[in-house]
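The next block holds one structure in the form of structure tokens; read it before the comments.
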Amino acid sequence: MTSKGQQVIQQWYSEKNWQQFPFQAEMMDAYLGGYSGLLNAPTGSGKTFALFLPFLAGFINAHPDTYKTKQNNGLLMLWITPLRALTNDIRKAMQEACDEIGLPWRIATRTGDTSAAEKAALKRKLPEVLLTTPESLHLMLAQKEYPKLFNQLQVVVIDEWHELLGTKRGVQVELGISKLKALSLKSEALSQKSEISGVESEVISQKPGAENKKVTKDLEFKAFDLRLKIWGISATIGNLEQAAEVLLGNDFPAEQVKMVRANLEKKLDIRSIIPQNIENYSWAGHIGLKLLPEVMEIVAKSKTTLIFTNTRSQSEIWYHAILDNYPEYAGIMAMHHGSLDNELRNWVEAALHAEALKLVVCTSSLDLGVDFRPVDTVVQVGSPKGVARFMQRAGRSGHHPGATSLAYFVPTHSLELLEGAALKEAIKDKIFESRDPMLLTMDVLIQYMVTLAVSDGFRADELFKEVKTTYAFADLSRNEFGQLLDFITSGGKTLAQYDEFLKVEVENGLYKVNSRRVAMRHRLSIGTITSELSIRVKWLSGGSLGTIEESFVSKLKPGNTFWFAGRSLEFVRVKEMTAYVKKSNSTKGIIPSWNGGRMPLSSQLAAVFRLKLDEVAHGIEKDIEVKALKPLFDLQQQLSHLPQSHEFLIESFKSKEGHHLLFYPFEGRLVHEGMASLLAYRISKIKPASFSIAMNDYGFELLADEDIPIEAALEDAGFFSIDNLIDDIQHSLNANEMARRRFRDIAHIGGLVFTGYPGQQVKNKHLQASTSLLFEVFSEYEPDNLLVRQAYNEALAFQLEEFRLRAALQRIQTQNIILKVIERPTPFAFPIMVDSLGREKLTTESLEERIAKMARSYGAEGVPEPAERKSRRPGITRKKGF
């Protein structure tokens, strides 16, 4: 039988002339049935309404006669999203639905962009639905009497859960949900106790015994049926079931969990842009902009195009190049990335909605959720390095149910075309990356503990039980929890003499922060997003453009010109964490770079890439990309070898620089960094040597001044072995320095260092010095410190991808080793060697000139000479643009 709420929602669908998808109907049944779980739906499929409308139906069912007049209901739904930019669109859609259905509700947002006045208004009168971020949820938990905010809460929705899973922000969400569940259970326990008291007296007066047990059991089920619902929304990833486990926690009954899958075949049209001339000797980044004319032809034929780049620097470069060569796009083209001013980004998003822009050059800042229906084409510049990431970006076009997403892949070097073929194959075969959850992130837990101490305080045993219900801290021992308690109250074993680390006091078993200064500084530091210190860029005349990293600004001198936010800027001065600039008419200038720009090849895409390479080695040419690369592969086979899936290729040659060894695992640059150091160490045990190391996503190079005894190394059964792997890694790499770098962020999140008040941030070099000193002190006097242990674990897991490294070594052990002695670099070797050139600083030659010189010295043919800069097309006047 259809409920009142379902009838109202169905009527609303009819009035909108919309058809409810089967997965939306399934979601309605699951929600109204009292289940929690995970909704798996592709972008642009109507997933927001799939969860929001069942919630409305549930409220209407509970108040069938008064739902159109019932106001001041308290906070009923908490909607958590990873990006502040997503909240505006979602809020408008939800508010419109409520208004049309006749619910007198208010949908509000609370993010870092929300003004102090708006936050105060939210405290005075809570909306029925609040859209927020993980950080803002924790700020709410840091308020006095925070449980009152969540008294009426019925459901928590985590949007884009796949983006949070596997990050410390995801752990923040887990901890926040554990607290909301505990508050909900306390509330239910009180009401249940009251209900049981009344019913028991009635039962005892009638029929004691077995009937009494039955009533109590019924009440227990009813109490569970009333408990807080938790739902996640996720795009397709490789470990959806585990994603649901992480979201719901260890204490959620399996029988009350549902996985709802949209099973919508998103229509994708993926096309690679093939360069007219495929160069056999190619290197990272040298093709990209050469395909600008082909890209702009696509843009001209499309209504609205998003050009995705992998880094903010790339987006600046492409925007500048388009404006330089196609000035007629000034005024109808914009740029969008995370370092631009929020007001500027909001303007771009609004202009996209209003169909006022034909082209936007962007980064991952437009990856998620925002619905830009005018966008009909996406261009991906360079490999996205992951299948799921490319699917997310492709889905920005045709972003509504039933539409086809059109995406073009632009290679930045020749071999990237094979990645394009691998992307298509992986999407066709539904091979997607998993998001492995983070475990035992003590820095996040320390921050959370102080957050609760800042508000109403916490009791240790209660909090330990709550935290243990999370996936992240299921294996937390009571002893470790005790160490953290000791750390926040007395500074632990090492910092007890320093008052600034004694943040929390214990009063009758209640852990609480009494210092207003500590509380204020903590609230300012809540969050797990860490990056290099940013400097705000402002016009001398007023107005903000965005932020760039302190390290870049420190290299500028007054009068220097740089490109940022699509403009040519002259640097004037720095004052109080602000770089003041004025407009420059210069057409030349440096472009800022941001740390963390390079993404490694994902495990899944790497595996499909190797399968494609195996097809090439067997002469299978079914992909247009493979056909285009035939001359390159033919030359590789002629000079060396094309490895099949059961083979592992090593190349060896000598030059005036020394003895070169090149290995090709095709596993991604992070794995190669660890493997290169590991194998160099193992070779050095046979014959002491010093090595230079270079790597890319396809392989790595070991270069030594003297002969490298590779034959002897290969005869050793332990050369590719995983035995003693961790010990050998720590000997081969400066594990101490890697852990020190990870510790900087851990210290920030865990509250060991304070980055400063707004507008008065502590300088980057001072933060580095402080965290380095703390790391040294802990390492020397408290080697079992949990945060130091975490730093070493993170270095292995994230900087070296130790799990993937272990798997790659095991795979290589089963393969036939092909050692080829070659006369000169092969097409596979050349880009790796170029990567090492790019890191040498002391030279007056351009990179292209040095590459051409290197190629000539090896007798390599087909390497392009450095081209002269082309002037803008004649006869077109450059307009004043965005």
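So you can find residues: chains in the structure tokens are A, B, ... in the order shown, residues in each start at 1, and ligands are numbered from 1 in order.
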**Study point:** region 508-728 of chain A: residues DSSP assigns to strand (DSSP E), reported as JSON, numbers by chain
**Key:** {"A": [510, 511, 512, 534, 535, 536, 537, 538, 539, 544, 545, 546, 547, 548, 549, 561, 562, 563, 564, 567, 568, 569, 570, 571, 572, 573, 574, 575, 578, 579, 580, 581, 582, 583, 647, 648, 649, 650, 651, 652, 653, 654, 655, 658, 659, 660, 661, 662, 663, 692, 693, 694, 695, 700, 701, 702, 703, 704]}
Point to revise | Spatial neighbours of region 617-624 of chain A, 9 Å, only C-alpha atoms, chain gap at least 3 places, as a list in words | key: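 My list of contacting residues is Ser272, Ile274, Ala421, Lys612, Leu613, Asp614, Lys627, Ala628, Leu629, Lys630, Phe633, Gln637, His641, Leu642, Pro643, Gln644 and Ser645 of chain A.
In this comparison, which uses only C-alpha atoms, the residue of A:His337, A:Lys424, A:Lys301, A:Arg741 approaching Asp376 (chain A) most closely is A:Lys301.
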Point to revise | Using only C-alpha atoms: which of A:Leu556, A:Gly395, A:Val410, A:His320 has the shortest distance to Ile273 (chain A) | key: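 Closest residue, counting only C-alpha atoms: A:Val410.
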I'd like the neighbourhood of Phe564 (chain A) as a short mmCIF file (atom, residue, chain, number, x, y, z; two decimals) with C-alpha atoms, in the first residue's frame, where a residue qualifies if any of its atoms comes within 7 Å (using only C-alpha atoms), though same-chain residues fewer than 2 positions away should be ignored.
data_model
loop_
_atom_site.label_atom_id
_atom_site.label_comp_id
_atom_site.auth_asym_id
_atom_site.auth_seq_id
_atom_site.Cartn_x
_atom_site.Cartn_y
_atom_site.Cartn_z
CA GLU A 316 47.03 28.89 -15.81
CA PHE A 562 53.80 36.59 -13.09
CA GLY A 566 44.41 34.55 -16.05
CA ARG A 567 46.03 37.97 -15.65
CA SER A 568 49.50 39.39 -16.11
CA ILE A 591 53.41 30.95 -13.64
#
**Study point:** Residue contacts of Phe691 (chain A) (9 Å, only C-alpha atoms) excluding same-chain residues fewer than 6 positions away, as a list in words
**Key:**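 Near neighbours after the sequence-gap exclusion: Ser677, Ala680, Leu702, Leu703, Ala704 and Asp705 of chain A.
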For those residues, write N, CA and C atoms to a file as a short mmCIF file (atom, residue, chain, number, x, y, z; two decimals), in the first residue's frame.
data_model
loop_
_atom_site.label_atom_id
_atom_site.label_comp_id
_atom_site.auth_asym_id
_atom_site.auth_seq_id
_atom_site.Cartn_x
_atom_site.Cartn_y
_atom_site.Cartn_z
N SER A 677 65.11 2.80 -5.31
CA SER A 677 66.01 2.90 -4.16
C SER A 677 66.31 1.53 -3.57
N ALA A 680 68.68 -0.37 -5.95
CA ALA A 680 70.00 0.25 -5.89
C ALA A 680 70.73 -0.20 -4.62
N LEU A 702 68.54 3.72 -13.08
CA LEU A 702 69.67 3.78 -12.15
C LEU A 702 70.91 4.14 -12.97
N LEU A 703 71.59 5.19 -12.58
CA LEU A 703 72.79 5.64 -13.30
C LEU A 703 73.97 5.68 -12.34
N ALA A 704 75.04 5.00 -12.71
CA ALA A 704 76.24 4.98 -11.87
C ALA A 704 77.47 5.29 -12.72
N ASP A 705 78.51 5.79 -12.07
CA ASP A 705 79.73 6.15 -12.80
C ASP A 705 80.44 4.91 -13.33
#
Exercise for review: Enter the distance from CA of Phe666 (chain A) to CA of Ala807 (chain A), in Å, rounded to one decimal.
Suggested key: 12.6 Å
Review point. How many Å separate CA of Thr530 (chain A) from CA of His748 (chain A)?
Key: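 Straight-line distance from CA of Thr530 (chain A) to CA of His748 (chain A) works out to 7.7 Å.
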**Study point:** Separation of CA of Gln790 (chain A) from CA of Ala739 (chain A), in Å and rounded to one decimal
**Key:**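 These two atoms are separated by 8.6 Å.
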Practice item. For each of A:Glu780, A:Glu500, A:Glu625, A:Asp99, take the minimum atom-to-atom distance to Glu425 (chain A), counting only C-alpha atoms, then give the residue where this is smallest. Key: A:Glu625
Point to revise | Contact residues around region 114-119 of chain A with only C-alpha atoms at 12 Å, ignoring same-chain residues under 4 positions, as a PyMOL selection string | key: chain A and resi 84-85+87-88+108-110+123-127+130-133+136+139-140+143
Practice item. Excluding region 70-80 of chain A and residues on its chain fewer than 4 positions from it, collect all residues at most 7 Å away from it, counting only C-alpha atoms, and give them as a PyMOL selection string. Key: chain A and resi 66+104-105+126-134+149-150+152-159
**Study point:** From A:Leu289, A:Ser690, A:Pro600, A:His162, residue lying nearest Phe432 (chain A) [only C-alpha atoms]
**Key:** A:His162
Practice item. Could you give me, as number ranges by chain, the residues within 10 Å of Val821 (chain A), counting only C-alpha atoms and dropping anything in the same chain fewer than 2 positions from it? Key: A: 639-640, 650-654, 661, 818-819, 823-824
Restricting it to N, CA and C atoms, dump the selection as a tab-separated table (two decimals), in the first residue's frame.
chain	number	residue	atom	x	y	z
A	639	LEU	N	65.10	-1.63	-31.38
A	639	LEU	CA	66.26	-1.28	-30.54
A	639	LEU	C	66.39	-2.17	-29.32
A	640	SER	N	65.25	-2.72	-28.84
A	640	SER	CA	65.29	-3.47	-27.59
A	640	SER	C	64.26	-4.60	-27.62
A	650	ILE	N	64.43	-5.14	-18.68
A	650	ILE	CA	65.49	-4.27	-18.16
A	650	ILE	C	66.40	-3.93	-19.33
A	651	GLU	N	66.74	-2.66	-19.47
A	651	GLU	CA	67.66	-2.21	-20.52
A	651	GLU	C	68.95	-1.68	-19.89
A	652	SER	N	70.06	-1.95	-20.58
A	652	SER	CA	71.36	-1.53	-20.08
A	652	SER	C	72.16	-0.91	-21.22
A	653	PHE	N	72.75	0.26	-20.97
A	653	PHE	CA	73.67	0.84	-21.96
A	653	PHE	C	74.63	1.78	-21.25
A	654	LYS	N	75.73	2.11	-21.97
A	654	LYS	CA	76.76	2.97	-21.41
A	654	LYS	C	76.87	4.25	-22.24
A	661	LEU	N	70.93	1.75	-16.22
A	661	LEU	CA	70.04	0.61	-16.13
A	661	LEU	C	68.61	1.14	-16.10
A	818	ILE	N	63.92	-10.10	-18.93
A	818	ILE	CA	64.55	-9.87	-20.23
A	818	ILE	C	65.54	-8.72	-20.07
A	819	LEU	N	66.84	-9.05	-20.10
A	819	LEU	CA	67.88	-8.02	-19.99
A	819	LEU	C	68.43	-7.74	-21.39
A	823	GLU	N	72.32	0.04	-27.64
A	823	GLU	CA	73.34	0.99	-28.07
A	823	GLU	C	72.98	2.42	-27.69
A	824	ARG	N	71.68	2.73	-27.68
A	824	ARG	CA	71.24	4.09	-27.38
A	824	ARG	C	69.85	4.04	-26.75
**Study point:** For Ile278 (chain A), the nearest of the candidates A:Ile812, A:Val381, A:Leu445, A:Leu417, counting only C-alpha atoms
**Key:**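 For Ile278 (chain A), the nearest of the candidates is A:Leu417.
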